[in-house]
file data.csv (CSV, C-alpha atoms and all ligand atoms)
chain,number,residue,atom,x,y,z
A,659,MET,CA,115.5,97.8,-65.0
A,660,LYS,CA,116.2,98.8,-61.4
A,661,ILE,CA,114.3,96.6,-59.0
A,662,GLY,CA,113.8,96.6,-55.3
A,663,MET,CA,113.4,93.1,-54.0
A,664,VAL,CA,111.8,92.9,-50.5
A,665,LEU,CA,112.0,89.5,-48.8
A,666,TYR,CA,112.6,87.5,-45.6
A,667,PRO,CA,116.4,86.8,-45.5
A,668,THR,CA,116.1,83.5,-43.7
A,669,TYR,CA,116.1,79.8,-44.8
A,670,GLY,CA,112.4,79.9,-45.8
A,671,GLY,CA,111.4,79.2,-49.4
A,672,SER,CA,110.1,82.7,-50.1
A,673,GLY,CA,113.4,84.2,-49.3
A,674,VAL,CA,115.2,81.6,-51.3
A,675,VAL,CA,113.0,82.2,-54.4
A,676,ALA,CA,113.4,86.0,-54.1
A,677,THR,CA,117.1,85.8,-53.7
A,678,GLU,CA,117.6,83.4,-56.7
A,679,LEU,CA,115.3,85.5,-58.8
A,680,GLY,CA,117.3,88.7,-58.0
A,681,LYS,CA,120.6,86.9,-58.7
A,682,GLU,CA,119.4,85.7,-62.1
A,683,LEU,CA,118.0,89.1,-63.0
A,684,ALA,CA,121.3,90.7,-62.0
A,685,LYS,CA,123.2,88.3,-64.2
A,686,GLN,CA,121.1,89.5,-67.1
A,687,GLY,CA,122.2,93.1,-66.4
A,688,HIS,CA,119.3,94.4,-64.2
A,689,GLU,CA,120.2,96.3,-61.1
A,690,ILE,CA,118.8,94.5,-58.0
A,691,HIS,CA,118.4,96.1,-54.6
A,692,PHE,CA,117.6,93.6,-51.8
A,693,ILE,CA,115.9,95.3,-48.9
A,694,THR,CA,115.5,93.4,-45.7
A,695,TYR,CA,116.8,93.1,-42.1
A,696,ASN,CA,119.7,90.7,-42.6
A,697,HIS,CA,122.0,89.5,-45.4
A,698,PRO,CA,119.9,87.0,-47.3
A,699,VAL,CA,121.1,83.4,-46.6
A,700,ARG,CA,121.4,82.4,-50.3
A,701,LEU,CA,122.9,85.7,-51.5
A,702,GLY,CA,126.5,84.7,-50.9
A,703,ALA,CA,129.2,87.3,-51.7
A,704,LEU,CA,127.9,90.5,-53.2
A,705,ARG,CA,128.3,90.5,-56.9
A,706,GLN,CA,127.8,92.8,-59.9
A,707,ASN,CA,124.5,94.6,-60.1
A,708,ILE,CA,123.5,93.5,-56.7
A,709,PHE,CA,123.0,95.8,-53.7
A,710,TYR,CA,121.9,95.1,-50.2
A,711,HIS,CA,120.1,97.6,-47.9
A,712,GLU,CA,119.6,96.7,-44.3
A,713,VAL,CA,116.5,97.6,-42.5
A,714,ARG,CA,117.5,98.5,-39.0
A,715,VAL,CA,114.9,98.9,-36.3
A,716,SER,CA,116.3,100.8,-33.3
A,717,ASP,CA,115.4,99.6,-29.8
A,718,TYR,CA,113.4,102.3,-28.1
A,719,PRO,CA,112.2,101.6,-24.5
A,720,LEU,CA,108.6,102.8,-25.3
A,721,PHE,CA,108.1,100.1,-27.9
A,722,THR,CA,107.2,96.7,-26.7
A,723,HIS,CA,107.2,95.6,-30.3
A,724,GLN,CA,109.5,97.3,-32.7
A,725,PRO,CA,107.7,98.8,-35.7
A,726,TYR,CA,109.5,97.0,-38.5
A,727,GLU,CA,106.9,97.7,-41.1
A,728,LEU,CA,107.3,101.5,-40.6
A,729,VAL,CA,111.0,101.3,-40.8
A,730,LEU,CA,110.8,99.2,-43.9
A,731,SER,CA,108.4,101.6,-45.6
A,732,SER,CA,110.8,104.5,-44.9
A,733,LYS,CA,113.7,102.5,-46.2
A,734,LEU,CA,111.8,101.7,-49.4
A,735,VAL,CA,111.2,105.5,-49.9
A,736,HIS,CA,114.9,106.3,-49.4
A,737,VAL,CA,116.1,103.5,-51.7
A,738,VAL,CA,113.6,104.2,-54.4
A,739,LYS,CA,114.6,107.9,-54.4
A,740,LEU,CA,118.4,107.4,-54.0
A,741,HIS,CA,118.7,104.7,-56.7
A,742,GLN,CA,115.8,105.7,-58.9
A,743,LEU,CA,114.2,102.3,-58.8
A,744,ASP,CA,111.7,101.4,-61.5
A,745,LEU,CA,109.6,98.9,-59.4
A,746,LEU,CA,109.3,97.0,-56.2
A,747,HIS,CA,108.8,93.3,-56.0
A,748,VAL,CA,107.7,92.1,-52.5
A,749,HIS,CA,107.8,88.5,-51.5
A,750,TYR,CA,105.4,87.4,-48.8
A,751,ALA,CA,102.5,89.7,-48.2
A,752,ILE,CA,102.9,90.2,-44.4
A,753,PRO,CA,104.1,92.9,-43.8
A,754,HIS,CA,105.9,93.6,-47.1
A,755,ALA,CA,102.8,94.3,-49.3
A,756,SER,CA,101.4,96.9,-46.8
A,757,ALA,CA,104.9,98.5,-46.4
A,758,ALA,CA,105.2,98.8,-50.2
A,759,TYR,CA,101.8,100.4,-50.4
A,760,MET,CA,102.7,102.9,-47.7
A,761,ALA,CA,106.0,103.7,-49.5
A,762,GLN,CA,104.2,104.0,-52.8
A,763,GLN,CA,101.8,106.6,-51.4
A,764,ILE,CA,104.5,108.6,-49.7
A,765,LEU,CA,106.4,108.7,-53.0
A,766,LYS,CA,103.3,109.6,-54.9
A,767,SER,CA,102.9,112.7,-52.7
A,768,GLU,CA,106.3,113.7,-53.9
A,769,GLY,CA,105.5,113.2,-57.5
A,770,ILE,CA,107.2,109.8,-57.9
A,771,GLU,CA,105.3,106.9,-59.3
A,772,ILE,CA,106.4,103.3,-58.6
A,773,PRO,CA,104.5,100.1,-59.1
A,774,TYR,CA,104.8,97.2,-56.6
A,775,ILE,CA,104.3,93.5,-57.3
A,776,THR,CA,103.2,91.2,-54.5
A,777,THR,CA,104.2,87.5,-54.7
A,778,LEU,CA,102.2,85.3,-52.3
A,779,HIS,CA,104.2,82.3,-51.1
A,780,GLY,CA,101.9,80.3,-48.9
A,781,THR,CA,101.8,80.8,-45.2
A,782,ASP,CA,101.1,84.5,-45.7
A,783,ILE,CA,97.7,83.3,-47.0
A,784,THR,CA,97.1,79.8,-45.7
A,785,LEU,CA,98.2,80.2,-42.1
A,786,VAL,CA,99.1,83.7,-41.0
A,787,GLY,CA,97.0,85.6,-43.5
A,788,LYS,CA,93.8,83.9,-42.4
A,789,ASP,CA,94.3,85.3,-38.9
A,790,ALA,CA,91.5,87.9,-38.4
A,791,SER,CA,94.0,90.4,-36.9
A,792,PHE,CA,95.9,90.7,-40.2
A,793,GLU,CA,93.1,90.1,-42.7
A,794,PRO,CA,91.8,93.7,-43.5
A,795,VAL,CA,95.3,95.0,-44.1
A,796,ILE,CA,96.4,92.0,-46.2
A,797,THR,CA,93.3,92.1,-48.4
A,798,PHE,CA,93.8,95.9,-48.9
A,799,ALA,CA,97.5,95.6,-49.7
A,800,ILE,CA,96.9,92.7,-52.1
A,801,ASN,CA,94.2,94.6,-53.9
A,802,ARG,CA,96.3,97.7,-54.2
A,803,SER,CA,99.3,95.9,-55.6
A,804,ASN,CA,99.9,96.7,-59.2
A,805,ALA,CA,100.3,93.0,-59.9
A,806,VAL,CA,99.8,89.9,-57.8
A,807,THR,CA,101.4,86.5,-58.4
A,808,THR,CA,101.1,83.2,-56.6
A,809,VAL,CA,103.6,80.3,-56.8
A,810,SER,CA,101.0,77.7,-57.6
A,811,GLU,CA,97.4,77.2,-58.9
A,812,SER,CA,96.5,75.8,-55.5
A,813,LEU,CA,97.7,78.9,-53.7
A,814,LYS,CA,95.7,81.1,-56.2
A,815,ALA,CA,92.6,79.1,-55.4
A,816,ASP,CA,93.2,79.4,-51.6
A,817,THR,CA,93.8,83.2,-51.9
A,818,LEU,CA,90.6,83.7,-53.9
A,819,SER,CA,88.6,81.6,-51.4
A,820,GLU,CA,90.1,83.1,-48.2
A,821,PHE,CA,90.3,86.8,-49.2
A,822,ASP,CA,88.1,89.2,-51.0
A,823,VAL,CA,90.6,89.7,-53.8
A,824,THR,CA,89.5,91.8,-56.7
A,825,ASN,CA,92.9,92.0,-58.4
A,826,ASP,CA,93.9,89.5,-61.1
A,827,ILE,CA,96.3,86.8,-59.9
A,828,GLU,CA,98.9,85.4,-62.2
A,829,VAL,CA,100.5,82.0,-61.3
A,830,ILE,CA,104.2,82.0,-61.7
A,831,PRO,CA,105.7,78.8,-60.3
A,832,ASN,CA,108.9,78.6,-58.4
A,833,PHE,CA,112.0,77.5,-60.3
A,834,ILE,CA,115.4,76.0,-60.1
A,835,GLU,CA,118.6,76.2,-62.2
A,836,PRO,CA,119.0,72.5,-63.2
A,837,ASP,CA,122.8,72.6,-63.9
A,838,SER,CA,123.6,73.9,-60.4
A,839,TYR,CA,122.1,70.7,-58.9
A,840,GLN,CA,124.2,68.3,-61.0
A,841,LEU,CA,127.2,67.9,-58.6
A,842,ASP,CA,129.6,65.0,-58.9
A,843,LYS,CA,128.2,62.2,-56.8
A,844,ASN,CA,130.5,62.8,-53.8
A,845,ASN,CA,131.7,59.5,-52.5
A,846,ILE,CA,133.4,61.1,-49.4
A,847,TYR,CA,130.0,62.3,-48.2
A,848,LYS,CA,128.2,59.1,-49.2
A,849,GLU,CA,130.8,57.0,-47.3
A,850,ARG,CA,130.6,59.2,-44.3
A,851,TYR,CA,126.8,59.1,-44.0
A,852,ALA,CA,126.1,55.7,-45.4
A,853,PRO,CA,129.3,53.7,-44.4
A,854,ASN,CA,127.6,50.3,-45.1
A,855,GLY,CA,125.8,51.3,-48.3
A,856,GLU,CA,122.6,52.3,-46.5
A,857,LYS,CA,120.0,54.2,-48.4
A,858,LEU,CA,119.9,57.9,-47.5
A,859,ILE,CA,116.5,59.4,-46.9
A,860,SER,CA,116.3,63.2,-46.4
A,861,HIS,CA,114.0,65.9,-45.2
A,862,ILE,CA,114.6,69.6,-45.2
A,863,SER,CA,112.3,72.1,-43.5
A,864,ASN,CA,111.9,74.6,-40.7
A,865,PHE,CA,110.5,71.9,-38.4
A,866,ARG,CA,107.2,73.8,-37.8
A,867,PRO,CA,104.1,71.7,-37.0
A,868,VAL,CA,102.8,72.2,-40.6
A,869,LYS,CA,105.8,70.0,-41.8
A,870,ARG,CA,104.7,67.0,-39.8
A,871,VAL,CA,108.3,66.0,-38.9
A,872,GLU,CA,106.9,63.2,-36.7
A,873,ASP,CA,105.5,61.6,-39.9
A,874,VAL,CA,109.0,61.8,-41.4
A,875,VAL,CA,110.4,59.8,-38.5
A,876,LYS,CA,107.5,57.3,-38.7
A,877,ILE,CA,108.0,56.8,-42.4
A,878,PHE,CA,111.7,56.3,-41.9
A,879,HIS,CA,111.0,53.8,-39.2
A,880,GLY,CA,108.9,51.8,-41.7
A,881,ILE,CA,111.5,52.0,-44.4
A,882,ARG,CA,114.3,51.0,-42.1
A,883,GLN,CA,112.6,47.8,-41.1
A,884,VAL,CA,112.8,46.6,-44.8
A,885,ILE,CA,115.9,48.4,-46.2
A,886,PRO,CA,119.0,49.4,-44.2
A,887,SER,CA,118.8,53.2,-44.3
A,888,ARG,CA,119.7,56.4,-42.5
A,889,LEU,CA,117.7,59.7,-42.2
A,890,LEU,CA,119.3,63.1,-42.8
A,891,LEU,CA,117.3,65.9,-41.3
A,892,VAL,CA,118.2,69.4,-42.3
A,893,GLY,CA,116.8,72.5,-40.7
A,894,ASP,CA,115.7,73.5,-37.2
A,895,GLY,CA,112.5,74.7,-35.5
A,896,PRO,CA,109.9,74.0,-32.8
A,897,ASP,CA,109.3,70.3,-33.6
A,898,ARG,CA,113.0,69.2,-33.6
A,899,THR,CA,112.9,68.2,-30.0
A,900,LYS,CA,109.8,66.1,-30.6
A,901,ALA,CA,111.6,64.3,-33.4
A,902,GLU,CA,114.7,63.8,-31.3
A,903,GLN,CA,112.6,62.2,-28.6
A,904,MET,CA,110.8,59.9,-31.1
A,905,CYS,CA,114.2,58.6,-32.3
A,906,ARG,CA,115.2,57.9,-28.8
A,907,GLN,CA,111.9,56.1,-28.0
A,908,LEU,CA,112.1,54.1,-31.2
A,909,GLY,CA,115.8,53.3,-30.5
A,910,PHE,CA,117.4,54.3,-33.8
A,911,CYS,CA,119.1,57.6,-32.9
A,912,GLU,CA,122.4,56.4,-34.5
A,913,ASP,CA,120.7,56.3,-37.9
A,914,VAL,CA,119.0,59.7,-37.7
A,915,LEU,CA,121.3,62.7,-38.3
A,916,PHE,CA,120.1,66.1,-37.3
A,917,LEU,CA,122.3,68.4,-39.5
A,918,GLY,CA,120.7,71.7,-38.4
A,919,ASN,CA,120.4,74.7,-40.8
A,920,LEU,CA,122.7,74.5,-43.8
A,921,LYS,CA,123.4,77.4,-46.1
A,922,SER,CA,123.5,75.0,-49.0
A,923,THR,CA,121.4,71.9,-49.1
A,924,LYS,CA,122.7,70.7,-52.5
A,925,GLU,CA,125.4,68.5,-50.9
A,926,VAL,CA,122.8,66.6,-48.8
A,927,LEU,CA,120.4,66.2,-51.8
A,928,ASN,CA,123.3,65.0,-53.9
A,929,ILE,CA,123.8,61.9,-51.7
A,930,SER,CA,120.1,61.3,-51.0
A,931,ASP,CA,118.1,58.4,-52.4
A,932,LEU,CA,114.7,59.7,-51.4
A,933,PHE,CA,113.2,62.9,-50.1
A,934,LEU,CA,110.2,63.1,-47.7
A,935,LEU,CA,107.7,65.9,-47.5
A,936,PRO,CA,104.6,64.8,-45.7
A,937,SER,CA,103.4,68.3,-44.9
A,938,GLU,CA,99.9,69.3,-43.6
A,939,THR,CA,99.8,72.0,-46.2
A,940,GLU,CA,102.4,73.3,-48.7
A,941,SER,CA,101.7,76.0,-51.3
A,942,PHE,CA,104.4,74.7,-53.6
A,943,GLY,CA,107.2,72.7,-51.8
A,944,LEU,CA,110.4,74.3,-53.1
A,945,ALA,CA,112.4,71.8,-51.0
A,946,ALA,CA,110.7,69.0,-53.0
A,947,LEU,CA,111.6,70.7,-56.3
A,948,GLU,CA,115.2,71.1,-55.3
A,949,ALA,CA,115.3,67.4,-54.5
A,950,LEU,CA,113.8,66.5,-57.9
A,951,ALA,CA,116.4,68.7,-59.6
A,952,SER,CA,119.1,66.7,-57.8
A,953,GLY,CA,117.6,63.5,-59.2
A,954,VAL,CA,116.0,62.6,-55.9
A,955,PRO,CA,112.4,61.2,-56.0
A,956,VAL,CA,109.9,62.6,-53.6
A,957,VAL,CA,107.3,60.9,-51.4
A,958,ALA,CA,104.9,63.6,-50.1
A,959,SER,CA,101.4,64.4,-49.1
A,960,ASP,CA,99.0,65.3,-51.9
A,961,THR,CA,98.2,68.7,-50.3
A,962,GLY,CA,98.2,72.2,-51.7
A,963,GLY,CA,100.6,72.8,-54.6
A,964,ILE,CA,102.7,69.6,-54.1
A,965,PRO,CA,100.9,67.6,-56.9
A,966,GLU,CA,101.8,70.5,-59.3
A,967,VAL,CA,105.5,69.9,-58.4
A,968,ASN,CA,105.8,66.2,-57.8
A,969,GLN,CA,104.1,64.1,-60.4
A,970,ASP,CA,102.4,61.2,-58.6
A,971,GLY,CA,103.6,57.8,-59.9
A,972,PHE,CA,106.3,59.4,-62.0
A,973,SER,CA,108.8,61.5,-60.0
A,974,GLY,CA,107.6,59.9,-56.7
A,975,TYR,CA,104.2,59.6,-55.0
A,976,ASN,CA,101.8,61.8,-53.2
A,977,SER,CA,99.2,60.5,-50.7
A,978,VAL,CA,96.7,61.7,-48.2
A,979,VAL,CA,98.1,63.8,-45.3
A,980,GLY,CA,99.0,61.5,-42.4
A,981,ASP,CA,98.7,58.3,-44.3
A,982,VAL,CA,102.1,57.1,-43.1
A,983,GLU,CA,101.5,53.4,-44.1
A,984,MET,CA,100.9,54.5,-47.8
A,985,MET,CA,104.0,56.7,-47.6
A,986,ILE,CA,106.1,53.8,-46.4
A,987,GLU,CA,104.8,51.6,-49.2
A,988,ASN,CA,105.5,54.3,-51.8
A,989,SER,CA,109.0,54.9,-50.4
A,990,LEU,CA,109.8,51.2,-50.7
A,991,LYS,CA,108.5,51.2,-54.3
A,992,VAL,CA,110.8,54.2,-55.2
A,993,LEU,CA,113.8,52.7,-53.4
A,994,SER,CA,113.4,49.4,-55.3
A,995,ASP,CA,113.7,51.1,-58.7
A,996,PRO,CA,116.2,54.0,-58.1
A,997,ILE,CA,117.4,54.7,-61.6
A,998,LYS,CA,114.0,55.0,-63.1
A,999,TYR,CA,112.7,57.4,-60.5
A,1000,SER,CA,115.8,59.4,-60.4
A,1001,GLU,CA,115.7,60.0,-64.1
A,1002,ASN,CA,112.0,60.9,-63.8
A,1003,ALA,CA,112.7,63.3,-61.0
A,1004,LYS,CA,115.1,65.3,-63.2
A,1005,ILE,CA,112.6,65.3,-66.1
A,1006,GLN,CA,109.9,66.6,-63.8
A,1007,ALA,CA,112.2,69.3,-62.4
A,1008,SER,CA,113.1,70.5,-65.8
A,1009,LYS,CA,109.6,71.8,-66.2
A,1010,PHE,CA,110.6,74.4,-63.6
A,1011,ASP,CA,113.9,75.4,-65.3
A,1012,ILE,CA,114.6,79.1,-64.5
A,1013,SER,CA,114.9,79.8,-68.2
A,1014,LYS,CA,111.2,79.0,-68.6
A,1015,ILE,CA,110.0,80.9,-65.6
A,1016,LEU,CA,112.1,84.1,-65.6
A,1017,PRO,CA,110.6,85.4,-68.9
A,1018,LYS,CA,107.2,85.4,-67.1
A,1019,TYR,CA,108.5,87.8,-64.5
A,1020,LEU,CA,110.2,89.9,-67.1
A,1021,THR,CA,107.0,90.2,-69.1
A,1022,LEU,CA,105.1,91.2,-66.0
A,1023,TYR,CA,107.7,93.8,-65.0
A,1024,LYS,CA,107.8,95.3,-68.5
A,1025,GLY,CA,104.0,95.4,-68.7
A,1026,LEU,CA,103.9,97.5,-65.6
A,1027,LEU,CA,106.5,99.9,-66.7
A,1028,LYS,CA,104.9,100.7,-70.1
B,1,LIG,O1,107.5,76.4,-45.7
B,1,LIG,C1,107.6,77.3,-45.0
B,1,LIG,O2,107.2,77.3,-43.9
B,1,LIG,C2,108.3,78.6,-45.4
B,1,LIG,C3,107.5,79.3,-46.4
B,1,LIG,C4,108.2,80.7,-46.7
B,1,LIG,O3,107.5,81.6,-46.7
B,1,LIG,O4,109.4,80.7,-47.0
B,1,LIG,O5,107.4,78.5,-47.5
B,1,LIG,C5,106.3,78.9,-48.4
B,1,LIG,O6,106.9,79.4,-49.6
B,1,LIG,C6,107.7,78.6,-50.3
B,1,LIG,C7,108.3,79.3,-51.5
B,1,LIG,O7,107.3,79.8,-52.4
B,1,LIG,C8,106.9,77.3,-50.8
B,1,LIG,O8,107.7,76.5,-51.5
B,1,LIG,C9,106.4,76.6,-49.5
B,1,LIG,O9,105.6,75.5,-50.0
B,1,LIG,C10,105.6,77.6,-48.7
B,1,LIG,N1,105.2,76.9,-47.4
B,1,LIG,C11,104.0,76.5,-47.1
B,1,LIG,O10,103.0,76.7,-47.8
B,1,LIG,C12,103.8,75.8,-45.8
call {"tool": "encode", "arguments": {"input": "data.csv", "output": "structure tokens", "more": "lines below"}}
Ligand code: GMT
result
Amino acid sequence: MKIGMVLYPTYGGSGVVATELGKELAKQGHEIHFITYNHPVRLGALRQNIFYHEVRVSDYPLFTHQPYELVLSSKLVHVVKLHQLDLLHVHYAIPHASAAYMAQQILKSEGIEIPYITTLHGTDITLVGKDASFEPVITFAINRSNAVTTVSESLKADTLSEFDVTNDIEVIPNFIEPDSYQLDKNNIYKERYAPNGEKLISHISNFRPVKRVEDVVKIFHGIRQVIPSRLLLVGDGPDRTKAEQMCRQLGFCEDVLFLGNLKSTKEVLNISDLFLLPSETESFGLAALEALASGVPVVASDTGGIPEVNQDGFSGYNSVVGDVEMMIENSLKVLSDPIKYSENAKIQASKFDISKILPKYLTLYKGLLK
């Protein structure tokens, strides 16, 4: 199959999922065309069966806001025609689903039929999509998609309650490739970040308010009073400064390491003892799944799709959003029995092995091409 994969190329989970899906399909011999405005972060060097088409929006003085969606639609038309693509798979509804619909209609007027699949990832529905200024277009583009998937049951329920969706929605969870997370436990990194044998607690996100990074710092504060530990914070975003200020106020800056955005997070997870994800809402929590795949138990909030990913009491614990005290208690429980929880984490992650999830996408694609 020849597939056009439309995505955000940044560090966000939706872009990571789209990139990993495309890479795996390419390995299996399918031709994958990534279409977006920048080289996707997780794509790495270009490889066999993979192509990248950059969407370039020119700067014209008349436009206060550059019309990315129109340029993307045009790009989709060009790429579909030039490479005779069989289908488009768009990740994140805004504005990818409506751009795909526009391209589909243009191609139809030229006698070319191409289906598009929309995968909803979370904030396109739970935060941004709810915004009244987007709603009519999003509802329309979801309903006109030839297939719609969500990454969790929870997101499916949210989509159905927030939007007037008439299309069927199939849940296809996010996935990991377990072997790629089994790195050698790297003592050099461990010694560097935990020179006195401290426990390493990690958190990876885009530091937006929805991630509740302040709770991460508070939980760490509680853990640190009982067990010598250090906090590794990966990512960047609006709440980073707030977190930095908190560390200064609480007086433990030397034990909190802000590592910024990293192309690969596996090395950090590989030396972590516990992963924190106390988000306000999370449609899935790919970062938590990547932690579990690395054998790192997760303490999280019990919101959105997180309980589908992190099994409470087994691979870690989930509790009410904002219940920092409970999260501290759960963290101490996990850290006191590391081997058991680490093994459980890997068992839990294996449910999301790419070998189990990829066939679901292939069946969906083939069904549309019949
Ligand atoms: O978490 C974010 O803010 C980024 C966002 C994205 O679009 O990349 O993540 C969403 O999609 C991920 C991949 O499906 C999910 O794992 C995240 O849970 C989801 N984020 C939220 O729902 C807040």
call {"tool": "residues_around", "arguments": {"input": "data.csv", "residues": "Tyr851 in chain A", "least_positions_apart": "5", "cutoff": "10 Å", "atoms": "only C-alpha atoms", "output": "list in words"}}
result
Asn845, Ile846, Glu856, Lys857, Leu858, Ser887, Arg888, Leu889, Leu890, Asp913, Leu915, Val926, Ile929 and Ser930 of chain A
call {"tool": "closest_atom_pairs", "arguments": {"input": "data.csv", "of": "chain A", "to": "ligand LIG 1 (chain B)", "cutoff": "6 Å", "atoms": "only C-alpha atoms and all ligand atoms", "output": "Markdown table"}}
result
| residue | atom | partner | partner_atom | distance |
| --- | --- | --- | --- | --- |
| A:Gly670 | CA | B:LIG1 | O4 | 3.3 |
| A:Gly671 | CA | B:LIG1 | O4 | 3.5 |
| A:Ser672 | CA | B:LIG1 | O4 | 3.8 |
| A:Gly673 | CA | B:LIG1 | O4 | 5.8 |
| A:His779 | CA | B:LIG1 | O7 | 4.2 |
| A:Gly780 | CA | B:LIG1 | O10 | 3.9 |
| A:Thr781 | CA | B:LIG1 | O10 | 5.0 |
| A:Val809 | CA | B:LIG1 | O7 | 5.8 |
| A:Thr939 | CA | B:LIG1 | C12 | 5.5 |
| A:Glu940 | CA | B:LIG1 | O10 | 3.6 |
| A:Ser941 | CA | B:LIG1 | O10 | 3.8 |
| A:Phe942 | CA | B:LIG1 | O9 | 3.9 |
| A:Gly943 | CA | B:LIG1 | O9 | 3.7 |
| A:Leu944 | CA | B:LIG1 | O8 | 3.8 |
call {"tool": "closest_residue", "arguments": {"input": "data.csv", "among": "A:Leu891, A:Ile1012, A:Val982, A:Ile783", "to": "Ser838 in chain A", "atoms": "all atoms listed in the file"}}
result
A:Ile1012
call {"tool": "residues_around", "arguments": {"input": "data.csv", "residues": "Gly953 in chain A", "least_positions_apart": "5", "cutoff": "9 Å", "atoms": "all atoms listed in the file", "output": "list in words"}}
result
Tyr839, Gln840, Leu927, Asn928, Ser930, Asp931, Glu948, Tyr999, Ser1000, Glu1001, Asn1002, Ala1003, Lys1004, Ile1005 and Ala1007 of chain A
call {"tool": "closest_residue", "arguments": {"input": "data.csv", "among": "A:Phe792, A:Phe833, A:Tyr695, A:Phe865", "to": "Asp1011 in chain A", "atoms": "all atoms listed in the file"}}
result
A:Phe833
call {"tool": "atom_distance", "arguments": {"input": "data.csv", "atom1": "CA of Phe821 in chain A", "atom2": "CA of Tyr774 in chain A"}}
result
19.3 Å
call {"tool": "closest_residue", "arguments": {"input": "data.csv", "among": "A:Thr817, A:Thr923, A:Gln883, A:Asn988", "to": "Arg700 in chain A", "atoms": "all atoms listed in the file"}}
result
A:Thr923
